[in-house]
Amino acid sequence: MTLMMASRMVAARSFGVVSHLSSMQSPTPLSVRQLSMDAKGFASRLVDAGLLRSQALIGGKWSDAYDGKTIEVHNPATGDVITTVPCMGQNETNDAISAAYNAFSSWSKVTSVERSKCLRKWYDLLISHKEELGQLITLEQGKPLQEAMGEVTYGAGFIEFFAEEAKRVYGDIIPSPLADRRLLVLKQPVGVVGAITPWNFPLAMITRKVGPALACGCTVVIKPSELTPLTALAAAELALQAGIPPGVVNVVMGNASAIGDALLASPQVRKITFTGSTAVGKKLMAGAAGTVKKVSLELGGNAPCIVFDDADLDVAVKGTLGAKFRNTGQTCVCANRIMVQEGIYEKFVDAFSKAVQKFQVGHGFSEGVTQGPLINEAAVQKVESFVKDATSKGAKVVLGAKRHSLGMTFYEPTVLSDVKSDMIIAREEVFGPVAPVLRFKTEDDALRMANDTNAGLAAYIFTNSVQRSWRVAEALEYGLVGVNEGLISTEVAPFGGVKQSGLGREGSKYGMDEYLEIKYVCLGNMNSK
């Protein structure tokens with residue numbers, strides 16, 4: 001069977017999945033005919049662009065699992081199977097590592113200008129296919145289409161930024177204490193990178209890692225989540241189309257532990273970069289010690305969102321909505337604890353819950369929808385358990401707190417008041433559309449509550465006091481702080497946490513350092529003629 005034939009078979013299956021949406025109850029229902037036309041056009045565009053891939057990429061060749069095993073990729077909004085992808089393990093991963101290792105010898109010697117041109121071409125292709133990639137993200141991850149296309153723009157921005165940074169890897173000259181010596185500092189690519197990415201941002205979490213890696217001259221083996229591999233494969237296809245040589249970008253998926261173990265065990269892999277849970281991050285960190293790999297980890301959070309009495313209520317509500325309900329609450333920087341000073345508490349809860357009540361829940365392809373499904377049943381059960389614990393300990397349900405009438409993994413946007421710090425929902429990431437609102441008295445109380453956690457990724461402050469914004473931002477034990485703003489991530493700024501939320505930074509000029517080694521060169525006997 002040719003790749004095109006296989007793609008068309010996958011497209012036909014995808015068409016069937018999207019057509020099924022016509023039978024779903026939706027806040028803004030579309031006609032069966034309109035849905036069918038949208039689905040047919042979506043599948044056709046993906047096939048024509050060569051973006052509907054269902055094989056892994058190893059050394060520039062599309063490959064099935066060596067034993068023929070596959071895993072199903074589901075649409076979280078319907079539960080339907082979109083397609084199957086290879087279920088790979090140690091052997092395929094080792095071959096991908098070898099392909100990356102072999103490609104490194106040539107890619108690392110390509111001039112920074114040429115690497116920059118390849119990355120820029122990749123960026124152009126990602127943007128030109130923004131609509132198709134957005135549809136693919138919505139199909140396999142569930143987020144609303146407009147938000148999915150926003151992720152494409154955001155994710156592509158990392159490739160554009162690092163295309164420029166490729167030309168700015170500067171070394172240094174150090175004044176020598178001895179007259180006959182010259183001291184130089186070189187920055188060189190670390191080598192093969194194992195990049196393990198999550199399902200909540202299936203494109204952006206890849207580009208945020210692969211962009212700087214390739215810009216520095218590294219090669220990569222990407223292990224995307226088995227829940228959302230199709231976007232990764234589409235991005236890899238566009239990388240090939242952009243002229244990035246075979247073996248520079250490889251993608252394997254399947255048995256997570258087997259793939260992870262192979263990446264950790266191989267001495268040819270010199271760096272691991274991971275976004276995901278703190279528990280898995282700790283295991284990767286321990287496993288990397290065996291071959292002393294460089295590690296960067298972007299792990300879980302427990303973000304406080306602090307609203308002071310002097311905050312502009314409208315600004316605070318709008319910012320908190322963005323910080324809490326983006327991607328249906330499924331981000332590592334989502335506001336997990338909304339802490340409101342007692343003087344504005346009742347007004348805030350009232351205004352905030354009225355705004356949340358206006359959200360439209362539904363399939364991401366439906367117009368006007370702002371909240372999609374949770375990724376799977378396990379995610380819903382986790383949300384339910386957190387809400388049950390909170391309400392059993394005295395939290396009040398202001399809004400929601402139950403599964404949505406659409407069924408599947410849809411959950412009603414929820415607001416809980418009178419939440420206390422000892423409740424599970426205030427101690428761990430809920431990773432869903434639940435906003436727990438806590439009360440505090442003084443600034444010192446807020447800081448004590450906010451910092452009373454092992455996590456330290458993102459925090460948010462709402463205040464009209466310039467002095468307080470500086471004071472509190474400096475006192476918060478977090479890697480990212482938003483002041484009067486709920487959406488703060490950008491490719492030009494460093495992203496990362498402190499404490500058990502991770503190591504290293506992604507994005508910005510600082511993100512390049514994660515993929516570089518520093519070499520000191522001493523030139524002696526320089527005064528002889």
# chains A, B, ... in the order shown; residues from 1 in each chain; ligands from 1
$ select_by_dssp --residues "segment 100-187 of chain A" --states "strand (DSSP E)" --output "PyMOL selection string"
chain A and resi 172-174+182-187
$ residues_around --residues "Ala213 of chain A" --least-positions-apart "5" --cutoff "9 Å" --atoms "only C-alpha atoms" --output "short mmCIF file (atom, residue, chain, number, x, y, z; two decimals) with N, CA and C atoms, in the first residue's frame"
data_model
loop_
_atom_site.label_atom_id
_atom_site.label_comp_id
_atom_site.auth_asym_id
_atom_site.auth_seq_id
_atom_site.Cartn_x
_atom_site.Cartn_y
_atom_site.Cartn_z
N PHE A 162 13.65 31.22 17.06
CA PHE A 162 14.93 30.51 17.13
C PHE A 162 15.62 30.43 15.78
N PRO A 189 26.91 22.72 20.06
CA PRO A 189 25.69 21.95 20.32
C PRO A 189 25.96 20.74 21.19
N VAL A 190 25.01 20.44 22.08
CA VAL A 190 25.22 19.36 23.04
C VAL A 190 25.21 17.99 22.38
N GLY A 191 24.44 17.84 21.30
CA GLY A 191 24.37 16.54 20.63
C GLY A 191 22.94 16.10 20.37
N VAL A 192 22.69 14.80 20.48
CA VAL A 192 21.35 14.26 20.27
C VAL A 192 20.47 14.58 21.48
N VAL A 193 19.26 15.06 21.21
CA VAL A 193 18.31 15.45 22.25
C VAL A 193 17.09 14.54 22.23
N CYS A 218 21.82 20.82 17.21
CA CYS A 218 21.49 19.50 17.74
C CYS A 218 20.53 18.77 16.81
N THR A 219 20.42 17.46 16.99
CA THR A 219 19.39 16.67 16.34
C THR A 219 18.47 16.10 17.42
N VAL A 220 17.27 15.65 17.04
CA VAL A 220 16.28 15.31 18.06
C VAL A 220 15.58 13.99 17.76
N MET A 512 18.22 28.98 24.49
CA MET A 512 19.30 28.43 23.67
C MET A 512 20.37 27.76 24.53
N GLU A 514 20.21 25.91 26.97
CA GLU A 514 19.90 24.54 27.38
C GLU A 514 20.45 23.51 26.40
N TYR A 515 20.77 23.94 25.18
CA TYR A 515 21.19 23.00 24.13
C TYR A 515 22.63 23.23 23.70
N LEU A 516 23.37 23.95 24.53
CA LEU A 516 24.76 24.28 24.21
C LEU A 516 25.71 23.83 25.31
#
$ residues_around --residues "segment 390-398 of chain A" --least-positions-apart "3" --cutoff "12 Å" --atoms "only C-alpha atoms" --output "count of residues only"
39
$ residues_around --residues "Trp107 of chain A" --least-positions-apart "6" --cutoff "9 Å" --atoms "only C-alpha atoms" --output "JSON, numbers by chain"
{"A": [115, 214, 217, 218, 219, 245, 248]}
$ residues_around --residues "Ile222 of chain A" --least-positions-apart "4" --cutoff "12 Å" --atoms "only C-alpha atoms" --output "short mmCIF file (atom, residue, chain, number, x, y, z; two decimals) with all heavy atoms, in the first residue's frame"
data_model
loop_
_atom_site.label_atom_id
_atom_site.label_comp_id
_atom_site.auth_asym_id
_atom_site.auth_seq_id
_atom_site.Cartn_x
_atom_site.Cartn_y
_atom_site.Cartn_z
N ALA A 56 5.53 6.50 12.18
CA ALA A 56 6.61 7.23 12.84
C ALA A 56 7.64 7.67 11.80
O ALA A 56 7.65 7.19 10.66
CB ALA A 56 7.26 6.36 13.90
N LEU A 57 8.53 8.58 12.21
CA LEU A 57 9.56 9.08 11.32
C LEU A 57 10.93 8.75 11.91
O LEU A 57 11.29 9.23 12.98
CB LEU A 57 9.44 10.59 11.14
CG LEU A 57 10.45 11.25 10.20
CD1 LEU A 57 10.29 10.73 8.78
CD2 LEU A 57 10.31 12.77 10.24
N ILE A 58 11.68 7.90 11.21
CA ILE A 58 13.01 7.49 11.66
C ILE A 58 13.98 7.64 10.50
O ILE A 58 13.82 6.99 9.45
CB ILE A 58 13.01 6.02 12.15
CG1 ILE A 58 12.05 5.85 13.33
CG2 ILE A 58 14.42 5.59 12.54
CD1 ILE A 58 11.91 4.41 13.80
N THR A 93 13.24 2.97 18.94
CA THR A 93 13.85 4.16 19.54
C THR A 93 15.36 4.15 19.36
O THR A 93 15.97 5.18 19.04
CB THR A 93 13.50 4.23 21.04
OG1 THR A 93 12.08 4.18 21.19
CG2 THR A 93 14.03 5.52 21.66
N ALA A 96 16.08 5.26 15.94
CA ALA A 96 15.88 6.70 15.82
C ALA A 96 17.06 7.46 16.42
O ALA A 96 17.51 8.48 15.87
CB ALA A 96 14.57 7.12 16.49
N ILE A 97 17.57 6.97 17.54
CA ILE A 97 18.74 7.58 18.17
C ILE A 97 19.95 7.48 17.24
O ILE A 97 20.69 8.46 17.05
CB ILE A 97 19.05 6.90 19.52
CG1 ILE A 97 17.95 7.21 20.54
CG2 ILE A 97 20.40 7.37 20.06
CD1 ILE A 97 18.03 6.36 21.80
N ALA A 100 19.59 10.00 14.48
CA ALA A 100 19.87 11.35 14.96
C ALA A 100 21.37 11.54 15.19
O ALA A 100 21.94 12.60 14.88
CB ALA A 100 19.10 11.62 16.24
N VAL A 192 22.69 14.80 20.48
CA VAL A 192 21.35 14.26 20.27
C VAL A 192 20.47 14.58 21.48
O VAL A 192 20.88 14.38 22.62
CB VAL A 192 21.39 12.74 20.04
CG1 VAL A 192 19.97 12.17 19.91
CG2 VAL A 192 22.22 12.40 18.80
N VAL A 193 19.26 15.06 21.21
CA VAL A 193 18.31 15.45 22.25
C VAL A 193 17.09 14.54 22.23
O VAL A 193 16.50 14.31 21.16
CB VAL A 193 17.85 16.92 22.07
CG1 VAL A 193 16.78 17.28 23.09
CG2 VAL A 193 19.04 17.87 22.16
N GLY A 194 16.73 14.00 23.37
CA GLY A 194 15.47 13.27 23.51
C GLY A 194 14.42 14.22 24.05
O GLY A 194 14.56 14.74 25.17
N ALA A 195 13.38 14.49 23.26
CA ALA A 195 12.34 15.45 23.63
C ALA A 195 11.02 14.71 23.89
O ALA A 195 10.45 14.11 22.97
CB ALA A 195 12.15 16.49 22.53
N ILE A 196 10.56 14.75 25.12
CA ILE A 196 9.33 14.05 25.52
C ILE A 196 8.27 15.09 25.81
O ILE A 196 8.44 15.94 26.70
CB ILE A 196 9.59 13.15 26.74
CG1 ILE A 196 10.74 12.18 26.45
CG2 ILE A 196 8.32 12.39 27.12
CD1 ILE A 196 11.18 11.37 27.66
N THR A 197 7.16 15.06 25.07
CA THR A 197 6.19 16.15 25.12
C THR A 197 4.80 15.66 25.52
O THR A 197 4.46 14.49 25.34
CB THR A 197 6.11 16.85 23.75
OG1 THR A 197 5.71 15.90 22.74
CG2 THR A 197 7.46 17.44 23.37
N PRO A 198 3.97 16.56 26.06
CA PRO A 198 2.64 16.20 26.56
C PRO A 198 1.54 16.38 25.52
O PRO A 198 1.79 16.84 24.40
CB PRO A 198 2.45 17.18 27.72
CG PRO A 198 3.11 18.43 27.22
CD PRO A 198 4.30 17.97 26.40
N PRO A 202 -0.06 19.90 21.73
CA PRO A 202 0.64 18.90 20.91
C PRO A 202 1.59 19.48 19.87
O PRO A 202 2.45 18.76 19.36
CB PRO A 202 -0.49 18.11 20.25
CG PRO A 202 -1.69 19.00 20.33
CD PRO A 202 -1.53 19.83 21.55
N LEU A 203 1.45 20.77 19.54
CA LEU A 203 2.41 21.40 18.63
C LEU A 203 3.40 22.27 19.39
O LEU A 203 4.61 22.14 19.24
CB LEU A 203 1.69 22.25 17.58
CG LEU A 203 2.63 22.98 16.62
CD1 LEU A 203 3.38 21.99 15.74
CD2 LEU A 203 1.89 24.00 15.77
N MET A 205 4.47 22.49 22.46
CA MET A 205 5.46 21.90 23.35
C MET A 205 6.58 21.20 22.58
O MET A 205 7.66 20.98 23.12
CB MET A 205 4.80 20.90 24.30
CG MET A 205 3.83 21.53 25.30
SD MET A 205 4.52 22.82 26.35
CE MET A 205 4.05 24.31 25.45
N ILE A 206 6.32 20.89 21.32
CA ILE A 206 7.38 20.34 20.46
C ILE A 206 8.25 21.46 19.92
O ILE A 206 9.47 21.42 20.01
CB ILE A 206 6.76 19.51 19.33
CG1 ILE A 206 6.18 18.21 19.89
CG2 ILE A 206 7.80 19.21 18.24
CD1 ILE A 206 5.43 17.38 18.88
N THR A 207 7.63 22.48 19.36
CA THR A 207 8.41 23.55 18.74
C THR A 207 9.24 24.32 19.76
O THR A 207 10.32 24.82 19.45
CB THR A 207 7.50 24.53 17.98
OG1 THR A 207 6.51 25.07 18.88
CG2 THR A 207 6.79 23.82 16.83
N LYS A 209 10.84 23.12 22.16
CA LYS A 209 12.05 22.33 22.42
C LYS A 209 12.89 22.13 21.15
O LYS A 209 14.11 22.29 21.17
CB LYS A 209 11.64 20.96 22.98
CG LYS A 209 10.86 21.03 24.29
CD LYS A 209 10.40 19.65 24.72
CE LYS A 209 9.49 19.70 25.94
NZ LYS A 209 10.11 20.33 27.11
N VAL A 210 12.23 21.77 20.08
CA VAL A 210 12.95 21.43 18.86
C VAL A 210 13.53 22.68 18.19
O VAL A 210 14.62 22.62 17.60
CB VAL A 210 12.03 20.66 17.89
CG1 VAL A 210 12.73 20.39 16.56
CG2 VAL A 210 11.59 19.35 18.52
N ALA A 213 16.85 23.53 19.81
CA ALA A 213 17.77 22.41 19.61
C ALA A 213 18.35 22.45 18.20
O ALA A 213 19.58 22.37 18.01
CB ALA A 213 17.05 21.09 19.85
N GLU A 226 1.08 9.59 23.41
CA GLU A 226 0.32 8.63 22.61
C GLU A 226 -1.13 9.08 22.42
O GLU A 226 -1.84 8.57 21.55
CB GLU A 226 0.35 7.25 23.27
CG GLU A 226 -0.33 7.15 24.61
CD GLU A 226 0.54 7.60 25.76
OE1 GLU A 226 1.65 8.12 25.52
OE2 GLU A 226 0.10 7.44 26.92
N PRO A 229 -0.53 12.11 18.93
CA PRO A 229 0.68 12.01 18.09
C PRO A 229 0.53 12.60 16.70
O PRO A 229 1.54 12.85 16.04
CB PRO A 229 0.89 10.49 18.01
CG PRO A 229 -0.51 9.94 18.04
CD PRO A 229 -1.28 10.84 18.97
N ALA A 232 2.20 15.99 15.99
CA ALA A 232 3.66 15.86 15.94
C ALA A 232 4.11 15.32 14.59
O ALA A 232 5.11 15.79 14.02
CB ALA A 232 4.13 14.94 17.06
N LEU A 233 3.40 14.35 14.07
CA LEU A 233 3.76 13.76 12.79
C LEU A 233 3.56 14.76 11.65
O LEU A 233 4.36 14.82 10.72
CB LEU A 233 2.93 12.50 12.54
CG LEU A 233 3.18 11.36 13.54
CD1 LEU A 233 2.19 10.22 13.31
CD2 LEU A 233 4.61 10.84 13.43
N ALA A 235 3.80 18.03 11.96
CA ALA A 235 4.88 19.00 12.09
C ALA A 235 6.18 18.43 11.53
O ALA A 235 6.96 19.15 10.89
CB ALA A 235 5.06 19.39 13.56
N ALA A 236 6.42 17.14 11.77
CA ALA A 236 7.63 16.50 11.24
C ALA A 236 7.61 16.45 9.72
O ALA A 236 8.65 16.64 9.06
CB ALA A 236 7.76 15.09 11.82
N GLY A 247 16.91 12.49 9.46
CA GLY A 247 17.62 12.13 10.67
C GLY A 247 17.77 13.25 11.68
O GLY A 247 18.03 12.99 12.86
N VAL A 248 17.60 14.49 11.23
CA VAL A 248 17.70 15.61 12.17
C VAL A 248 16.48 15.64 13.09
O VAL A 248 16.60 15.91 14.28
CB VAL A 248 17.85 16.94 11.40
CG1 VAL A 248 17.78 18.13 12.35
CG2 VAL A 248 19.17 16.95 10.62
N VAL A 249 15.31 15.36 12.54
CA VAL A 249 14.08 15.27 13.32
C VAL A 249 13.51 13.87 13.18
O VAL A 249 13.25 13.41 12.06
CB VAL A 249 13.03 16.31 12.86
CG1 VAL A 249 11.71 16.10 13.59
CG2 VAL A 249 13.55 17.72 13.08
N ASN A 250 13.35 13.17 14.30
CA ASN A 250 12.79 11.82 14.32
C ASN A 250 11.62 11.80 15.31
O ASN A 250 11.65 12.50 16.32
CB ASN A 250 13.83 10.80 14.76
CG ASN A 250 15.09 10.86 13.89
OD1 ASN A 250 15.18 10.21 12.87
ND2 ASN A 250 16.07 11.66 14.32
N VAL A 251 10.61 10.99 15.02
CA VAL A 251 9.44 10.91 15.89
C VAL A 251 9.10 9.44 16.13
O VAL A 251 8.88 8.69 15.17
CB VAL A 251 8.21 11.62 15.29
CG1 VAL A 251 7.05 11.59 16.27
CG2 VAL A 251 8.54 13.05 14.89
N VAL A 252 9.06 9.03 17.39
CA VAL A 252 8.61 7.69 17.75
C VAL A 252 7.54 7.81 18.82
O VAL A 252 7.54 8.75 19.62
CB VAL A 252 9.77 6.81 18.28
CG1 VAL A 252 10.77 6.52 17.17
CG2 VAL A 252 10.48 7.49 19.45
N MET A 253 6.62 6.87 18.83
CA MET A 253 5.55 6.89 19.84
C MET A 253 5.15 5.46 20.17
O MET A 253 5.46 4.53 19.44
CB MET A 253 4.34 7.68 19.35
CG MET A 253 3.48 7.01 18.29
SD MET A 253 4.25 6.90 16.67
CE MET A 253 4.31 8.64 16.25
N GLY A 254 4.45 5.31 21.30
CA GLY A 254 3.98 3.98 21.68
C GLY A 254 4.17 3.69 23.14
O GLY A 254 3.56 4.34 24.00
N ALA A 256 5.54 4.19 26.35
CA ALA A 256 6.24 5.33 26.92
C ALA A 256 7.45 4.91 27.76
O ALA A 256 8.53 5.51 27.66
CB ALA A 256 5.28 6.17 27.76
N ILE A 259 10.31 3.51 25.49
CA ILE A 259 10.95 4.59 24.73
C ILE A 259 11.80 5.45 25.67
O ILE A 259 12.95 5.79 25.37
CB ILE A 259 9.89 5.45 24.01
CG1 ILE A 259 9.20 4.62 22.93
CG2 ILE A 259 10.52 6.70 23.41
CD1 ILE A 259 8.00 5.30 22.30
N GLY A 260 11.24 5.79 26.82
CA GLY A 260 11.97 6.60 27.78
C GLY A 260 13.23 5.91 28.27
O GLY A 260 14.30 6.53 28.37
N LEU A 263 15.95 6.09 25.60
CA LEU A 263 16.56 7.42 25.54
C LEU A 263 17.51 7.65 26.70
O LEU A 263 18.60 8.22 26.53
CB LEU A 263 15.46 8.50 25.54
CG LEU A 263 14.58 8.59 24.29
CD1 LEU A 263 13.41 9.54 24.53
CD2 LEU A 263 15.39 9.05 23.08
N VAL A 269 22.58 9.83 23.37
CA VAL A 269 21.65 10.91 23.73
C VAL A 269 22.31 11.73 24.83
O VAL A 269 22.61 11.23 25.90
CB VAL A 269 20.29 10.36 24.21
CG1 VAL A 269 19.38 11.50 24.67
CG2 VAL A 269 19.64 9.54 23.11
N ILE A 272 18.07 15.32 27.76
CA ILE A 272 16.64 15.00 27.84
C ILE A 272 15.90 16.28 28.16
O ILE A 272 16.25 17.01 29.11
CB ILE A 272 16.35 13.94 28.93
CG1 ILE A 272 17.00 12.61 28.60
CG2 ILE A 272 14.85 13.78 29.13
CD1 ILE A 272 16.39 11.88 27.41
N THR A 273 14.89 16.59 27.39
CA THR A 273 13.99 17.70 27.70
C THR A 273 12.58 17.16 27.79
O THR A 273 12.14 16.39 26.93
CB THR A 273 14.10 18.83 26.66
OG1 THR A 273 13.11 19.83 26.95
CG2 THR A 273 13.90 18.34 25.24
N PHE A 274 11.87 17.53 28.85
CA PHE A 274 10.59 16.91 29.16
C PHE A 274 9.61 17.95 29.69
O PHE A 274 9.96 18.80 30.51
CB PHE A 274 10.78 15.82 30.21
CG PHE A 274 9.51 15.28 30.82
CD1 PHE A 274 8.68 14.44 30.09
CD2 PHE A 274 9.14 15.60 32.12
CE1 PHE A 274 7.51 13.93 30.64
CE2 PHE A 274 7.97 15.10 32.69
CZ PHE A 274 7.16 14.26 31.94
N THR A 275 8.37 17.87 29.23
CA THR A 275 7.26 18.61 29.81
C THR A 275 6.20 17.60 30.22
O THR A 275 5.76 16.79 29.40
CB THR A 275 6.66 19.62 28.81
OG1 THR A 275 7.64 20.61 28.50
CG2 THR A 275 5.44 20.32 29.42
#
$ residues_around --residues "Asp124 of chain A" --least-positions-apart "6" --cutoff "10 Å" --atoms "only C-alpha atoms" --output "number ranges by chain"
A: 118, 130, 156, 159-160, 238, 242
$ write_last_selection --atoms "N, CA and C atoms" --output "mmCIF file, in the first residue's frame"
data_model
loop_
_atom_site.group_PDB
_atom_site.id
_atom_site.type_symbol
_atom_site.label_atom_id
_atom_site.label_comp_id
_atom_site.auth_asym_id
_atom_site.auth_seq_id
_atom_site.Cartn_x
_atom_site.Cartn_y
_atom_site.Cartn_z
ATOM 1 N N CYS A 118 16.521 27.056 7.106
ATOM 2 C CA CYS A 118 15.664 25.867 7.208
ATOM 3 C C CYS A 118 14.551 26.081 8.233
ATOM 4 N N LYS A 130 -1.824 26.667 8.925
ATOM 5 C CA LYS A 130 -2.373 26.915 10.260
ATOM 6 C C LYS A 130 -3.771 26.333 10.422
ATOM 7 N N ALA A 156 4.394 28.074 16.231
ATOM 8 C CA ALA A 156 5.245 28.461 15.103
ATOM 9 C C ALA A 156 6.151 29.625 15.489
ATOM 10 N N ILE A 159 9.610 28.634 16.408
ATOM 11 C CA ILE A 159 10.470 28.307 15.277
ATOM 12 C C ILE A 159 10.990 29.588 14.626
ATOM 13 N N GLU A 160 10.124 30.577 14.472
ATOM 14 C CA GLU A 160 10.550 31.855 13.894
ATOM 15 C C GLU A 160 11.610 32.520 14.769
ATOM 16 N N LEU A 238 6.216 18.617 7.779
ATOM 17 C CA LEU A 238 6.531 19.965 7.309
ATOM 18 C C LEU A 238 8.014 20.291 7.492
ATOM 19 N N ALA A 242 10.495 21.474 4.611
ATOM 20 C CA ALA A 242 11.283 22.698 4.755
ATOM 21 C C ALA A 242 12.751 22.491 4.407
#
$ select_by_dssp --residues "segment 79-144 of chain A" --states "alpha helix (DSSP H)" --output "number ranges by chain"
A: 90-107, 112-128, 130-141
$ atom_distance --atom1 "atom CA of Asn454 of chain A" --atom2 "atom CA of Arg337 of chain A"
14.1 Å
$ atom_distance --atom1 "atom CA of Trp199 of chain A" --atom2 "atom CA of Cys332 of chain A"
11.6 Å
$ closest_residue --among "A:Thr231, A:Val521, A:Glu140, A:Val307" --to "Ser465 of chain A" --atoms "only C-alpha atoms"
A:Val307
$ residues_around --residues "segment 143-145 of chain A" --least-positions-apart "4" --cutoff "6 Å" --atoms "only C-alpha atoms" --output "CSV table (one decimal) with all heavy atoms, in the first residue's frame"
chain,number,residue,atom,x,y,z
A,138,THR,N,-7.6,20.2,17.2
A,138,THR,CA,-9.0,20.0,17.8
A,138,THR,C,-9.5,18.6,17.7
A,138,THR,O,-10.1,18.1,18.6
A,138,THR,CB,-10.0,21.0,17.0
A,138,THR,OG1,-9.6,22.3,17.2
A,138,THR,CG2,-11.4,20.8,17.5
A,327,ASN,N,-7.8,26.3,27.5
A,327,ASN,CA,-7.6,24.8,27.2
A,327,ASN,C,-8.4,24.0,28.2
A,327,ASN,O,-8.0,22.9,28.6
A,327,ASN,CB,-6.2,24.4,27.2
A,327,ASN,CG,-5.9,23.1,26.5
A,327,ASN,OD1,-6.8,22.6,25.8
A,327,ASN,ND2,-4.8,22.5,26.8
A,364,GLY,N,-15.1,21.2,19.7
A,364,GLY,CA,-14.3,22.3,19.3
A,364,GLY,C,-14.6,22.8,17.9
A,364,GLY,O,-14.2,24.0,17.6
A,365,PHE,N,-15.2,22.1,17.1
A,365,PHE,CA,-15.6,22.6,15.7
A,365,PHE,C,-16.8,23.4,15.7
A,365,PHE,O,-17.2,24.0,14.7
A,365,PHE,CB,-15.7,21.4,14.8
A,365,PHE,CG,-14.4,20.7,14.4
A,365,PHE,CD1,-14.1,19.4,14.9
A,365,PHE,CD2,-13.5,21.4,13.7
A,365,PHE,CE1,-12.9,18.8,14.6
A,365,PHE,CE2,-12.2,20.8,13.4
A,365,PHE,CZ,-12.0,19.5,13.8
A,372,GLY,N,-13.9,22.9,25.6
A,372,GLY,CA,-14.0,21.6,25.0
A,372,GLY,C,-14.0,20.5,26.0
A,372,GLY,O,-14.2,20.7,27.3
$ closest_residue --among "A:His129, A:Arg505, A:Arg208, A:Lys519" --to "Glu491 of chain A" --atoms "only C-alpha atoms"
A:Arg208
$ closest_residue --among "A:Val492, A:Val169, A:Ala258, A:Tyr123" --to "Val152 of chain A" --atoms "only C-alpha atoms"
A:Tyr123
$ atom_distance --atom1 "atom CA of Ser105 of chain A" --atom2 "atom CA of Lys167 of chain A"
19.1 Å
$ closest_residue --among "A:Glu443, A:Ser63, A:Gln241, A:Asp48" --to "Lys121 of chain A" --atoms "only C-alpha atoms"
A:Gln241
$ closest_residue --among "A:Asp80, A:Glu342, A:Asp444, A:Glu485" --to "Asp309 of chain A" --atoms "only C-alpha atoms"
A:Glu342
